[in-house]
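Undergrad: This is the structure I want to talk about, given as structure tokens.
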Amino acid sequence: MSDRAPALRTVRVIGPGRAGRSMADALASVGWQVRGLLGRDAPDVSVRGAAKGVGVLLIATPDGSVREVAAAVEPVASTVVVHLAGALGLDVLEPHPRRAAVHPLVAMPDATVGSERLRAGAWFAVAGDPVASAIVADLGGRAFEVADADRAAYHAAAVIASNHVVALLGQAERVAATVGVPFEAYLDLVRGTLDNVAALGPAGALTGPAARGDEATIAAHLAALDPAERAGYEAMAQEARRLAARDHEGRPRRG
């Protein structure tokens with residue numbers, strides 16, 4: 001654990017949702033003192049004075065509420081105000097003099113799983129006050145800095161890597177159900193694919209019709225799919241062609 005003044009390892013959380021409770025539980029488990037979680041039903045005076053008596057005030061509300069919540073809190077010169085939003089910069093935390101961002105690059109479906117993942121060597125995007133990196137260090141995580149101007153692109157990549165993958169698997173589940181194949185069989189395929197990506201990178205791990213320029217098979221797939229599924233398949237087939245550097249006819253692209 002970082003060797004810092006005990007007062008700094010005190011935190012209050014605004015936003016007792018999955019992210020807020022996960023962070024509160026994770027920090028408490030590594031020796032931080034959690035001075036309560038404030039929700040929407042907290043009296044205004046509690047929110048106004050939320051920065052008092054703690055080293056860190058953690059705002060874990062939905063992204064669209066961070067600026068409003070931060071503005072409602074009376075600034076305390078010694079308190080670091082931190083948000084967990086991936087796409088937001090530090091400007092949303094004005095007028096607080098000490099500001100930081102700590103975005104955990106993990107999925108937190110509930111507080112128990114979230115807390116465990118936060119303490120399992122997770123990656124975090126940090127910015128602002130050095131306390132951001134200190135929080136990550138206490139959790140045993142790995143930190144990388146993302147400038148305010150780059151946060152939207154960084155967060156877009158996170159959404160693609162997590163949310164969009166889940167949406168694609170939802171499509172795989174629907175299509176598999178039409179022919180009676182258990183979805184679990186495809187999950188094993190996905191696990192192997194992720195191992196390949198980790199070992200070879202996305203381009204090296206790509207297999208299938210787009211990788212080998214087999215447009216006839218792609219056309220057969222589209223013909224077999226429900227019309228409602230075709231747009232998603234076509235979009236990802238084009239992304240696979242792009243990764244394989246092939247055109248719509250399956251020919252390698254030039255230079």
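Residues in the structure tokens are numbered from 1 in each chain, the chains being A, B, ... in the order shown, and ligands are numbered from 1 in the order shown.
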Please give the complete set of residues from segment 141-242 of chain A that DSSP, run on the backbone, assigns to alpha helix (DSSP H), formatted as a PyMOL selection string.
TA: chain A and resi 151-159+165-177+183-205+209-212+215-224+227-242
Undergrad: Fewer than 6 positions away in the same chain doesn't count, so skip those; otherwise give me all residues within 9 Å of Ala107 of chain A, counting only C-alpha atoms, as a PyMOL selection string.
TA: chain A and resi 113-114+117+162
Undergrad: For the selection just defined, write its residues with N, CA and C atoms to a file, as an mmCIF file, in the first residue's frame.
TA:
```
data_model
loop_
_atom_site.group_PDB
_atom_site.id
_atom_site.type_symbol
_atom_site.label_atom_id
_atom_site.label_comp_id
_atom_site.auth_asym_id
_atom_site.auth_seq_id
_atom_site.Cartn_x
_atom_site.Cartn_y
_atom_site.Cartn_z
ATOM 1 N N VAL A 113 -18.568 -8.716 -7.668
ATOM 2 C CA VAL A 113 -17.699 -9.048 -8.801
ATOM 3 C C VAL A 113 -16.839 -7.841 -9.164
ATOM 4 N N GLY A 114 -17.445 -6.652 -9.158
ATOM 5 C CA GLY A 114 -16.706 -5.442 -9.500
ATOM 6 C C GLY A 114 -15.530 -5.215 -8.571
ATOM 7 N N ARG A 117 -12.730 -7.653 -9.371
ATOM 8 C CA ARG A 117 -12.024 -7.325 -10.610
ATOM 9 C C ARG A 117 -11.156 -6.088 -10.461
ATOM 10 N N SER A 162 -15.833 -4.029 -25.340
ATOM 11 C CA SER A 162 -16.698 -4.687 -24.360
ATOM 12 C C SER A 162 -18.153 -4.732 -24.826
#
```
Undergrad: Show me, as a VMD selection string, the residues that have an atom within 10 Å of Asp129 of chain A when counting only C-alpha atoms, minus same-chain residues fewer than 5 positions from it.
TA: chain A and resid 80 to 82 90 97 to 101 134
Undergrad: Quick one: pull the distance between atom CA of Gly141 of chain A and atom CA of Leu8 of chain A, Å, one decimal.
TA: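 Pair atom CA of Gly141 of chain A / atom CA of Leu8 of chain A returns 18.5 Å.
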Undergrad: Give me the residues near Arg230 of chain A as a list in words, where near means some atom within 12 Å (using only C-alpha atoms) and where sequence neighbours in that chain fewer than 4 positions away do not count.
TA: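 Those residues are Gln171, Val175, Ile218, Ala219, Ala220, His221, Leu222, Ala223, Ala224, Leu225, Asp226, Glu234, Ala235, Met236 and Ala237 of chain A.
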Undergrad: Can I get the selected residues back with N, CA and C atoms, as a tab-separated table (two decimals), in the first residue's frame?
TA:
```tsv
chain	number	residue	atom	x	y	z
A	171	GLN	N	-26.15	-11.50	-31.08
A	171	GLN	CA	-26.55	-11.91	-32.43
A	171	GLN	C	-26.20	-13.37	-32.67
A	175	VAL	N	-28.91	-16.29	-33.78
A	175	VAL	CA	-28.78	-17.08	-35.01
A	175	VAL	C	-28.61	-18.56	-34.67
A	218	ILE	N	-19.72	-15.82	-47.77
A	218	ILE	CA	-20.38	-14.66	-47.15
A	218	ILE	C	-21.76	-14.46	-47.74
A	219	ALA	N	-21.90	-14.59	-49.06
A	219	ALA	CA	-23.20	-14.45	-49.71
A	219	ALA	C	-24.16	-15.53	-49.23
A	220	ALA	N	-23.66	-16.76	-49.05
A	220	ALA	CA	-24.51	-17.85	-48.55
A	220	ALA	C	-24.98	-17.57	-47.13
A	221	HIS	N	-24.11	-17.03	-46.32
A	221	HIS	CA	-24.49	-16.67	-44.95
A	221	HIS	C	-25.62	-15.64	-44.97
A	222	LEU	N	-25.46	-14.61	-45.77
A	222	LEU	CA	-26.46	-13.55	-45.83
A	222	LEU	C	-27.81	-14.10	-46.30
A	223	ALA	N	-27.77	-15.01	-47.23
A	223	ALA	CA	-29.01	-15.60	-47.73
A	223	ALA	C	-29.71	-16.43	-46.66
A	224	ALA	N	-28.93	-17.05	-45.78
A	224	ALA	CA	-29.51	-17.91	-44.75
A	224	ALA	C	-30.03	-17.14	-43.55
A	225	LEU	N	-29.55	-15.93	-43.37
A	225	LEU	CA	-29.92	-15.14	-42.19
A	225	LEU	C	-31.28	-14.50	-42.32
A	226	ASP	N	-31.93	-14.34	-41.19
A	226	ASP	CA	-33.15	-13.52	-41.13
A	226	ASP	C	-32.77	-12.11	-41.59
A	234	GLU	N	-23.28	-7.90	-42.27
A	234	GLU	CA	-22.60	-7.20	-43.35
A	234	GLU	C	-21.60	-6.18	-42.81
A	235	ALA	N	-21.99	-5.47	-41.74
A	235	ALA	CA	-21.10	-4.47	-41.16
A	235	ALA	C	-19.82	-5.13	-40.63
A	236	MET	N	-19.97	-6.26	-39.96
A	236	MET	CA	-18.79	-6.91	-39.40
A	236	MET	C	-17.98	-7.64	-40.47
A	237	ALA	N	-18.66	-8.12	-41.53
A	237	ALA	CA	-17.91	-8.72	-42.64
A	237	ALA	C	-17.01	-7.67	-43.28
```
Undergrad: Excluding Val69 of chain A and residues on its chain fewer than 2 positions from it, collect all residues at most 9 Å away from it, counting only C-alpha atoms, and give them as a list in words.
TA: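 Result of the neighbour search: Ile14, Val47, Ile59, Thr61, Ser65, Val66, Arg67, Ala71, Ala72, Val73 and Leu93 of chain A.
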Undergrad: Restricting the output to N, CA and C atoms, write the selected residues as a tab-separated table (two decimals), in the first residue's frame.
TA:
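Writing the result to again03.tsv gives the following:
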```tsv
chain	number	residue	atom	x	y	z
A	14	ILE	N	-20.14	9.56	-4.00
A	14	ILE	CA	-21.46	10.02	-4.43
A	14	ILE	C	-21.87	9.15	-5.62
A	47	VAL	N	-24.75	16.64	0.19
A	47	VAL	CA	-24.01	16.76	-1.06
A	47	VAL	C	-23.11	17.98	-1.02
A	59	ILE	N	-16.89	10.75	-7.34
A	59	ILE	CA	-18.19	10.92	-7.99
A	59	ILE	C	-18.39	9.76	-8.96
A	61	THR	N	-21.47	8.87	-10.34
A	61	THR	CA	-22.80	9.01	-10.94
A	61	THR	C	-22.71	8.75	-12.45
A	65	SER	N	-24.37	13.33	-15.28
A	65	SER	CA	-24.65	14.02	-14.01
A	65	SER	C	-23.40	14.52	-13.31
A	66	VAL	N	-22.24	14.13	-13.80
A	66	VAL	CA	-21.00	14.44	-13.07
A	66	VAL	C	-20.80	15.93	-12.89
A	67	ARG	N	-20.96	16.71	-13.96
A	67	ARG	CA	-20.73	18.15	-13.86
A	67	ARG	C	-21.68	18.79	-12.84
A	71	ALA	N	-20.57	20.51	-9.27
A	71	ALA	CA	-20.87	21.92	-9.01
A	71	ALA	C	-21.67	22.12	-7.74
A	72	ALA	N	-22.40	21.09	-7.32
A	72	ALA	CA	-23.23	21.20	-6.12
A	72	ALA	C	-22.42	21.00	-4.84
A	73	VAL	N	-21.18	20.53	-4.97
A	73	VAL	CA	-20.34	20.27	-3.80
A	73	VAL	C	-19.47	21.47	-3.49
A	93	LEU	N	-15.21	18.77	-13.39
A	93	LEU	CA	-15.07	18.81	-11.93
A	93	LEU	C	-14.81	20.21	-11.40
```
